[in-house]
>>> print(open('final_13.csv').read())   # CSV, C-alpha atoms and all ligand atoms
chain,number,residue,atom,x,y,z
F,528,MET,CA,63.4,130.4,-0.7
F,529,ILE,CA,66.1,128.6,1.2
F,530,LYS,CA,66.0,124.8,0.8
F,531,ARG,CA,67.4,123.3,4.0
F,532,TYR,CA,69.6,120.2,3.7
F,533,PRO,CA,67.5,117.3,5.1
F,534,THR,CA,69.1,116.1,8.4
F,535,LYS,CA,68.4,113.5,11.0
F,536,GLN,CA,66.5,115.0,14.0
F,537,ILE,CA,68.0,114.7,17.5
F,538,PHE,CA,66.9,116.3,20.8
F,539,VAL,CA,68.9,118.2,23.3
F,540,GLY,CA,66.5,118.2,26.2
F,541,ASN,CA,63.2,119.4,24.7
F,542,VAL,CA,64.8,121.2,21.8
F,543,ALA,CA,64.7,119.5,18.4
F,544,ILE,CA,67.7,119.9,16.2
F,545,GLY,CA,67.7,118.9,12.6
F,546,GLY,CA,64.9,117.4,10.5
F,547,ASN,CA,63.4,120.8,9.7
F,548,ALA,CA,63.2,122.0,13.3
F,549,PRO,CA,63.7,125.7,13.7
F,550,ILE,CA,67.4,126.6,13.9
F,551,SER,CA,68.2,126.9,17.6
F,552,VAL,CA,70.6,129.4,19.1
F,553,GLN,CA,73.1,128.3,21.7
F,554,SER,CA,75.5,130.1,23.9
F,555,MET,CA,78.0,129.4,26.7
F,556,THR,CA,78.5,130.8,30.1
F,557,PHE,CA,81.9,132.3,31.1
F,558,SER,CA,81.7,131.8,34.9
F,559,LYS,CA,83.6,129.0,36.6
F,560,THR,CA,81.0,126.3,36.4
F,561,ALA,CA,81.7,125.3,40.0
F,562,ASP,CA,80.4,128.7,41.0
F,563,ILE,CA,76.8,127.5,40.9
F,564,GLU,CA,75.2,130.8,41.8
F,565,ALA,CA,77.1,132.8,39.1
F,566,THR,CA,76.5,130.1,36.5
F,567,VAL,CA,72.8,129.8,37.1
F,568,ALA,CA,72.5,133.6,37.0
F,569,GLN,CA,74.3,133.7,33.6
F,570,ILE,CA,72.1,130.9,32.3
F,571,LYS,CA,69.0,132.8,33.3
F,572,ARG,CA,70.3,135.9,31.6
F,573,LEU,CA,70.8,133.9,28.4
F,574,HIS,CA,67.4,132.4,28.7
F,575,PHE,CA,65.8,135.8,29.0
F,576,ALA,CA,67.7,137.0,26.0
F,577,GLY,CA,66.2,134.2,23.8
F,578,CYS,CA,68.9,131.5,24.0
F,579,ASP,CA,67.6,128.0,23.3
F,580,ILE,CA,70.4,125.8,24.6
F,581,VAL,CA,73.3,126.6,27.0
F,582,ARG,CA,76.7,125.1,27.3
F,583,VAL,CA,79.0,125.1,30.3
F,584,ALA,CA,82.7,124.3,30.4
F,585,VAL,CA,83.6,121.3,32.6
F,586,PRO,CA,87.4,121.4,33.0
F,587,GLN,CA,87.6,120.1,36.7
F,588,MET,CA,85.9,117.6,38.9
F,589,GLU,CA,84.3,120.4,41.0
F,590,ASP,CA,82.7,121.7,37.8
F,591,ALA,CA,81.3,118.2,36.9
F,592,LEU,CA,80.0,117.9,40.5
F,593,ALA,CA,78.2,121.3,40.2
F,594,LEU,CA,76.2,120.2,37.2
F,595,LYS,CA,73.4,118.5,39.1
F,596,SER,CA,72.6,121.6,41.2
F,597,ILE,CA,72.8,123.9,38.1
F,598,LYS,CA,70.5,121.6,36.2
F,599,GLU,CA,67.9,121.7,39.0
F,600,GLN,CA,67.8,125.5,38.9
F,601,ILE,CA,67.4,126.1,35.2
F,602,SER,CA,64.9,125.2,32.4
F,603,LEU,CA,67.2,125.6,29.4
F,604,PRO,CA,68.7,122.3,28.0
F,605,LEU,CA,72.3,122.0,29.3
F,606,VAL,CA,75.4,120.9,27.4
F,607,ALA,CA,78.6,119.9,29.1
F,608,ASP,CA,81.8,120.8,27.2
F,609,ILE,CA,84.6,118.4,28.1
F,610,HIS,CA,88.1,117.9,26.9
F,611,PHE,CA,90.8,115.4,27.9
F,612,ASN,CA,89.1,113.8,30.9
F,613,HIS,CA,86.6,111.1,30.3
F,614,ARG,CA,85.7,110.7,34.0
F,615,LEU,CA,84.2,114.2,33.9
F,616,ALA,CA,82.2,113.2,30.8
F,617,LEU,CA,80.9,110.1,32.7
F,618,ILE,CA,79.7,112.3,35.6
F,619,ALA,CA,78.2,114.9,33.3
F,620,ALA,CA,76.3,112.3,31.3
F,621,GLU,CA,74.3,111.4,34.3
F,622,VAL,CA,72.9,114.9,34.5
F,623,VAL,CA,73.1,117.0,31.3
F,624,ASP,CA,71.2,116.9,28.0
F,625,CYS,CA,74.2,116.6,25.7
F,626,ILE,CA,77.9,116.1,25.9
F,627,ARG,CA,80.3,118.0,23.7
F,628,ILE,CA,83.6,116.2,23.3
F,629,ASN,CA,86.3,116.0,20.8
F,630,PRO,CA,86.8,112.2,20.8
F,631,GLY,CA,90.3,112.7,19.6
F,632,ASN,CA,91.4,114.3,22.8
F,633,ILE,CA,89.4,112.4,25.4
F,634,GLY,CA,91.9,109.5,25.6
F,635,SER,CA,91.9,105.9,24.5
F,636,LYS,CA,89.1,104.3,22.5
F,637,GLU,CA,88.1,102.4,25.6
F,638,ARG,CA,87.4,105.7,27.4
F,639,VAL,CA,85.4,107.0,24.5
F,640,LYS,CA,83.4,103.8,24.6
F,641,GLU,CA,82.6,104.3,28.2
F,642,VAL,CA,81.3,107.9,27.5
F,643,VAL,CA,79.2,106.6,24.6
F,644,LYS,CA,77.7,103.9,26.8
F,645,ALA,CA,76.8,106.5,29.4
F,646,CYS,CA,75.1,108.7,26.8
F,647,GLN,CA,73.3,105.7,25.3
F,648,ALA,CA,71.9,104.9,28.8
F,649,ARG,CA,70.2,108.3,29.0
F,650,ASN,CA,69.6,108.7,25.3
F,651,ILE,CA,71.5,112.0,25.2
F,652,PRO,CA,73.4,113.1,22.1
F,653,ILE,CA,77.1,113.8,21.7
F,654,ARG,CA,78.4,116.7,19.8
F,655,ILE,CA,81.5,115.9,17.9
F,656,GLY,CA,83.2,119.2,18.2
F,657,VAL,CA,86.1,119.4,15.7
F,658,ASN,CA,88.3,122.4,16.1
F,659,ALA,CA,91.1,123.3,13.7
F,660,GLY,CA,93.3,124.1,16.7
F,661,SER,CA,93.0,120.7,18.3
F,662,LEU,CA,93.1,118.1,15.5
F,663,GLU,CA,94.3,114.6,16.2
F,664,LYS,CA,98.0,114.2,15.3
F,665,GLU,CA,97.5,111.9,12.4
F,666,PHE,CA,95.2,114.4,10.6
F,667,LEU,CA,97.4,117.4,11.6
F,668,ASN,CA,100.5,115.7,10.2
F,669,LYS,CA,98.7,114.7,7.0
F,670,TYR,CA,96.6,117.9,6.3
F,671,GLY,CA,97.8,120.6,8.7
F,672,GLN,CA,95.1,122.8,10.3
F,673,THR,CA,93.0,122.8,7.1
F,674,SER,CA,89.4,122.3,6.3
F,675,GLU,CA,90.4,118.9,4.8
F,676,GLY,CA,92.0,118.0,8.1
F,677,MET,CA,88.8,119.1,10.0
F,678,VAL,CA,86.6,117.0,7.7
F,679,ALA,CA,88.9,114.0,8.0
F,680,SER,CA,88.8,114.2,11.8
F,681,ALA,CA,85.0,114.5,11.8
F,682,GLU,CA,84.6,111.5,9.5
F,683,TYR,CA,87.0,109.5,11.7
F,684,ASN,CA,85.0,110.4,14.8
F,685,ILE,CA,81.6,109.8,13.3
F,686,LYS,CA,82.7,106.3,12.2
F,687,PHE,CA,84.1,105.6,15.6
F,688,LEU,CA,80.8,106.4,17.3
F,689,GLU,CA,78.8,104.6,14.6
F,690,ASP,CA,80.9,101.5,15.0
F,691,LEU,CA,79.8,101.6,18.6
F,692,GLY,CA,76.2,101.6,17.5
F,693,PHE,CA,75.8,105.3,18.4
F,694,ASP,CA,74.2,107.8,16.0
F,695,ASN,CA,72.7,110.4,18.3
F,696,ILE,CA,75.2,112.8,17.0
F,697,LYS,CA,75.6,116.4,15.9
F,698,ILE,CA,78.7,117.9,14.4
F,699,SER,CA,80.6,121.2,14.5
F,700,LEU,CA,83.7,122.1,12.5
F,701,LYS,CA,85.1,125.3,13.8
F,702,ALA,CA,88.1,127.3,12.8
F,703,SER,CA,88.9,130.9,13.8
F,704,ASP,CA,88.7,132.1,10.2
F,705,VAL,CA,85.6,132.2,8.0
F,706,GLN,CA,87.0,130.5,4.9
F,707,ARG,CA,88.2,127.3,6.5
F,708,THR,CA,85.0,127.1,8.6
F,709,VAL,CA,82.7,127.5,5.6
F,710,ASP,CA,84.8,125.1,3.4
F,711,ALA,CA,84.8,122.4,6.0
F,712,TYR,CA,81.0,122.5,6.6
F,713,ARG,CA,80.4,122.6,2.8
F,714,MET,CA,82.8,119.6,2.3
F,715,LEU,CA,81.3,117.5,5.0
F,716,ARG,CA,77.6,118.3,4.4
F,717,PRO,CA,76.9,115.9,1.4
F,718,LYS,CA,78.7,113.0,3.2
F,719,ASN,CA,76.2,112.4,6.0
F,720,SER,CA,72.9,113.6,7.3
F,721,TYR,CA,73.8,114.4,11.0
F,722,PRO,CA,72.7,117.8,12.1
F,723,PHE,CA,75.3,120.5,12.1
F,724,HIS,CA,76.1,123.0,14.9
F,725,LEU,CA,77.5,126.1,13.1
F,726,GLY,CA,80.0,128.5,14.5
F,727,VAL,CA,83.2,130.5,13.8
F,728,THR,CA,85.2,130.0,16.9
F,729,GLU,CA,87.3,132.7,18.7
F,730,ALA,CA,85.6,135.2,16.5
F,731,GLY,CA,86.7,138.2,18.5
F,732,THR,CA,85.0,141.3,19.9
F,733,LEU,CA,81.4,142.3,19.1
F,734,PHE,CA,82.3,144.1,15.9
F,735,HIS,CA,84.6,141.5,14.3
F,736,ALA,CA,82.6,138.5,15.6
F,737,THR,CA,79.4,140.0,14.1
F,738,VAL,CA,81.1,140.5,10.7
F,739,LYS,CA,82.8,137.1,10.7
F,740,SER,CA,79.7,135.2,11.9
F,741,ALA,CA,77.4,137.1,9.5
F,742,ILE,CA,79.6,136.1,6.5
F,743,GLY,CA,80.4,132.6,7.7
F,744,LEU,CA,77.1,131.5,9.2
F,745,GLY,CA,75.1,133.6,6.8
F,746,SER,CA,76.8,131.9,3.8
F,747,LEU,CA,76.1,128.4,5.2
F,748,LEU,CA,72.5,129.2,6.1
F,749,LEU,CA,71.9,130.5,2.6
F,750,ASP,CA,73.3,127.2,1.3
F,751,GLY,CA,70.6,125.4,3.5
F,752,ILE,CA,73.3,124.2,5.8
F,753,GLY,CA,73.0,124.4,9.6
F,754,ASP,CA,70.6,123.1,12.3
F,755,THR,CA,71.8,124.9,15.4
F,756,MET,CA,74.3,127.7,15.9
F,757,ARG,CA,76.4,129.8,18.2
F,758,VAL,CA,77.9,133.2,17.6
F,759,SER,CA,81.1,133.4,19.7
F,760,ILE,CA,81.7,136.9,21.0
F,761,THR,CA,84.3,138.2,23.4
F,762,GLY,CA,81.8,140.4,25.2
F,763,GLU,CA,78.4,140.4,26.9
F,764,LEU,CA,76.3,137.2,26.9
F,765,GLU,CA,73.2,138.8,25.5
F,766,GLU,CA,75.1,140.1,22.4
F,767,GLU,CA,75.7,136.5,21.2
F,768,ILE,CA,72.0,135.9,21.1
F,769,LYS,CA,71.1,139.2,19.6
F,770,VAL,CA,73.6,138.7,16.7
F,771,ALA,CA,72.6,135.1,16.2
F,772,ARG,CA,68.9,136.0,15.9
F,773,ALA,CA,69.7,138.8,13.5
F,774,ILE,CA,71.7,136.5,11.3
F,775,LEU,CA,68.9,134.1,11.2
F,776,LYS,CA,66.4,136.8,10.4
F,777,ASP,CA,68.4,138.7,7.9
F,778,SER,CA,69.5,135.5,6.0
F,779,GLY,CA,65.8,134.8,5.6
F,780,VAL,CA,65.9,131.6,7.6
F,781,ALA,CA,63.8,132.8,10.6
F,782,LYS,CA,60.7,134.9,10.0
F,783,ASP,CA,60.0,136.1,13.5
F,784,GLY,CA,60.5,139.6,14.9
F,785,LEU,CA,60.6,143.0,13.2
F,786,ASN,CA,62.5,143.6,10.0
F,787,ILE,CA,63.5,147.3,10.5
F,788,ILE,CA,64.3,149.3,7.4
F,789,SER,CA,65.9,152.6,8.2
F,790,CYS,CA,67.7,155.0,5.9
F,791,PRO,CA,71.4,155.7,6.3
F,792,THR,CA,70.6,159.4,6.7
F,793,CYS,CA,72.1,162.2,4.5
F,794,GLY,CA,72.1,166.0,4.3
F,795,ARG,CA,68.3,166.0,3.9
F,796,ILE,CA,67.8,164.5,7.3
F,797,GLU,CA,65.3,166.4,9.4
F,798,ALA,CA,65.5,164.5,12.7
F,799,ASP,CA,67.7,162.5,15.0
F,800,LEU,CA,67.1,159.2,13.2
F,801,VAL,CA,69.9,157.3,14.9
F,802,LYS,CA,68.4,158.0,18.3
F,803,ALA,CA,64.9,157.2,17.1
F,804,VAL,CA,65.8,153.8,15.5
F,805,GLY,CA,67.8,152.8,18.5
F,806,GLU,CA,64.8,153.5,20.8
F,807,ILE,CA,62.5,151.6,18.4
F,808,GLU,CA,64.9,148.6,18.4
F,809,GLU,CA,64.9,148.5,22.1
F,810,ARG,CA,61.2,149.0,22.7
F,811,THR,CA,60.2,146.4,20.1
F,812,ALA,CA,62.8,143.7,20.9
F,813,HIS,CA,60.2,141.6,22.6
F,814,ILE,CA,57.9,141.4,19.6
F,815,LYS,CA,57.8,138.0,17.9
F,816,ALA,CA,55.5,138.8,15.0
F,817,ALA,CA,57.1,139.0,11.6
F,818,LEU,CA,56.5,142.6,10.7
F,819,ASN,CA,58.2,144.9,8.2
F,820,VAL,CA,58.6,148.4,9.5
F,821,SER,CA,60.4,151.4,8.1
F,822,VAL,CA,61.8,154.6,9.7
F,823,MET,CA,63.0,157.1,7.1
F,824,GLY,CA,64.6,160.5,7.7
F,825,CYS,CA,62.7,162.6,5.1
F,826,VAL,CA,60.0,162.3,2.5
F,827,VAL,CA,62.3,161.4,-0.4
F,828,ASN,CA,62.0,157.6,0.0
F,829,ALA,CA,59.8,157.4,3.0
F,830,ILE,CA,56.5,157.2,1.2
F,831,GLY,CA,57.8,154.5,-1.2
F,832,GLU,CA,59.1,152.4,1.7
F,833,ALA,CA,56.0,153.0,3.7
F,834,ALA,CA,53.9,151.5,0.9
F,835,HIS,CA,55.5,148.1,1.6
F,836,ALA,CA,55.8,148.4,5.3
F,837,ASP,CA,53.3,147.3,8.0
F,838,VAL,CA,54.1,150.4,10.1
F,839,ALA,CA,56.3,153.3,9.0
F,840,ILE,CA,57.5,156.7,10.1
F,841,ALA,CA,58.3,159.5,7.6
F,842,TYR,CA,60.2,162.3,9.4
F,843,GLY,CA,59.7,165.9,8.2
F,844,LYS,CA,60.9,169.2,9.7
F,845,GLY,CA,60.0,169.0,13.4
F,846,LYS,CA,57.0,166.8,12.5
F,847,GLY,CA,56.3,163.5,10.8
F,848,LEU,CA,53.8,161.0,9.6
F,849,VAL,CA,53.0,157.5,11.1
F,850,MET,CA,51.7,155.2,8.4
F,851,VAL,CA,50.0,151.8,8.7
F,852,LYS,CA,50.0,149.6,5.5
F,853,GLY,CA,50.7,152.7,3.5
F,854,GLU,CA,47.9,154.9,4.9
F,855,VAL,CA,48.7,157.9,7.1
F,856,VAL,CA,47.2,157.4,10.6
F,857,ALA,CA,48.8,160.3,12.4
F,858,ASN,CA,50.6,163.6,11.7
F,859,LEU,CA,52.5,164.4,14.9
F,860,ASP,CA,55.3,166.5,16.4
F,861,GLU,CA,58.7,164.8,16.2
F,862,ASN,CA,58.8,163.9,19.9
F,863,GLU,CA,55.5,162.0,19.6
F,864,LEU,CA,56.3,159.9,16.6
F,865,VAL,CA,58.2,157.0,18.3
F,866,ASP,CA,55.5,156.5,20.9
F,867,ARG,CA,52.7,156.3,18.3
F,868,PHE,CA,54.8,154.1,16.0
F,869,VAL,CA,55.5,151.6,18.9
F,870,PHE,CA,51.8,151.7,19.8
F,871,GLU,CA,50.8,150.8,16.2
F,872,VAL,CA,53.4,148.0,16.0
F,873,GLU,CA,52.3,146.5,19.3
F,874,LYS,CA,48.6,146.7,18.2
F,875,MET,CA,49.4,144.9,14.9
F,876,ALA,CA,51.6,142.3,16.6
F,877,SER,CA,48.9,141.5,19.2
F,878,LYS,CA,46.6,140.5,16.3
F,879,ILE,CA,49.2,138.1,14.9
F,880,ASP,CA,50.8,136.6,18.0
F,901,LIG,S1,65.3,159.0,3.4
F,901,LIG,FE1,65.8,161.2,3.2
F,901,LIG,S2,67.3,161.5,4.9
F,901,LIG,FE2,67.2,159.3,4.6
F,901,LIG,S3,68.9,158.9,3.2
F,901,LIG,FE3,67.1,159.1,2.0
F,901,LIG,S4,67.1,161.2,1.3
F,901,LIG,FE4,68.5,161.1,3.1
>>> encode(input="final_13.csv", output="structure tokens")
Amino acid sequence: MIKRYPTKQIFVGNVAIGGNAPISVQSMTFSKTADIEATVAQIKRLHFAGCDIVRVAVPQMEDALALKSIKEQISLPLVADIHFNHRLALIAAEVVDCIRINPGNIGSKERVKEVVKACQARNIPIRIGVNAGSLEKEFLNKYGQTSEGMVASAEYNIKFLEDLGFDNIKISLKASDVQRTVDAYRMLRPKNSYPFHLGVTEAGTLFHATVKSAIGLGSLLLDGIGDTMRVSITGELEEEIKVARAILKDSGVAKDGLNIISCPTCGRIEADLVKAVGEIEERTAHIKAALNVSVMGCVVNAIGEAAHADVAIAYGKGKGLVMVKGEVVANLDENELVDRFVFEVEKMASKID
């Protein structure tokens, strides 16, 4: 049983973060934010894929000015990601549900104060987004791009906002490698109770980002650290959500959706298991009920696994069994098994949902 670190609860729009709220999944669009139509379309894709909170980059005035129209066309909470220019943050703060800034690169203290005031006025949080690649000079000179430097920067920025009477804060500490990222989060966690946004930044393509994020975010989640997260992938939007949800589920933090047990196949295999499991994954992706299912390539381990599964398939030569709670409910030709299996899963899920 994972014991989550107790954190202060904040809200990004209607999504609670911290304080034992479910760990939310975030993502980011890659369109030019000023291209309202494309950005709204990407946000809707993310929403459909199961994203809880979406972030958009706001590098130019035209992007900041597009936020109002974007916000009117979506229902996901919207975060504006801003570097260097506090005037963009001031415009965004009038519209969005959260501002992500790195206070160290937003300009003078006076400018940060103005941004804080704007966020206070609408009661929206600020994410202090520390990134190993953009540490303030004083920390870079003292610590280099290390986890110690990231923690020192976060503490400095937290205190800066707290001294302004602002504590509607969440924190991220991202580096492009797993070790520094995990070390930084672990180092900072006992020092305050603000909610943490987890992520390994610039993690790479689907394969590498999945591995890095599973190790990094998975380690932290198993430590009870993390209140919201993003898996960064150089690839399709939907993949980020799919991988993030899988990490939450496979680390044992989230209990929703199917836990699919399938064998790795071997010389005893009697069917095209790779195709069958792929089809099952696709056809059951919408199911929220926490069910254990197993799909096994021959009878060697299938019966044992099926005994613990809610629904199972045991393939044989050209035929196979569908089992529910360990009992055989159908003995069918191979090409009928997936349909019956999905039917049984949907039937059981409908009783739980
Ligand atoms: S269940 Fe059968 S086919 Fe699958 S790995 Fe085990 S022995 Fe091989």
>>> axis_aligned_box(input="final_13.csv", around="ligand LIG 901 (chain F)", padding_each_side="4 Å", output="AutoDock Vina command-line options")
--center_x 67.1 --center_y 160.2 --center_z 3.1 --size_x 11.6 --size_y 10.6 --size_z 11.6
>>> closest_residue(input="final_13.csv", among="F:Ile563, F:Leu573, F:Ala681, F:Val622", to="Glu765 (chain F)", atoms="all atoms listed in the file")
F:Leu573
>>> closest_atom_pairs(input="final_13.csv", of="chain F", to="ligand LIG 901 (chain F)", cutoff="8 Å", atoms="only C-alpha atoms and all ligand atoms", output="tab-separated table")
residue	atom	partner	partner_atom	distance
F:Ser789	CA	F:LIG901	FE2	7.7
F:Cys790	CA	F:LIG901	FE2	4.5
F:Pro791	CA	F:LIG901	S3	5.1
F:Thr792	CA	F:LIG901	S3	3.9
F:Cys793	CA	F:LIG901	FE4	4.0
F:Gly794	CA	F:LIG901	FE4	6.2
F:Arg795	CA	F:LIG901	S2	4.7
F:Ile796	CA	F:LIG901	S2	3.9
F:Glu797	CA	F:LIG901	S2	6.9
F:Met823	CA	F:LIG901	S1	4.8
F:Gly824	CA	F:LIG901	S2	4.0
F:Cys825	CA	F:LIG901	FE1	3.9
F:Val826	CA	F:LIG901	FE1	5.9
F:Val827	CA	F:LIG901	FE1	5.0
F:Asn828	CA	F:LIG901	S1	4.9
F:Ala829	CA	F:LIG901	S1	5.7
>>> residues_around(input="final_13.csv", residues="Ile685 (chain F)", least_positions_apart="3", cutoff="9 Å", atoms="all atoms listed in the file", output="NGL selection string")
:F and (655 or 680-682 or 688-690 or 693-694 or 696 or 698)
>>> residues_around(input="final_13.csv", residues="Val657 (chain F)", least_positions_apart="5", cutoff="7 Å", atoms="only C-alpha atoms", output="compact mmCIF listing (two decimals) with C-alpha atoms, in the frame of the given file")
# COMPACT_ATOMS: atom_id res chain seq x y z
CA ASN F 629 86.30 116.00 20.80
CA MET F 677 88.80 119.10 10.00
CA ALA F 681 85.00 114.50 11.80
CA SER F 699 80.60 121.20 14.50
CA LEU F 700 83.70 122.10 12.50
CA LYS F 701 85.10 125.30 13.80
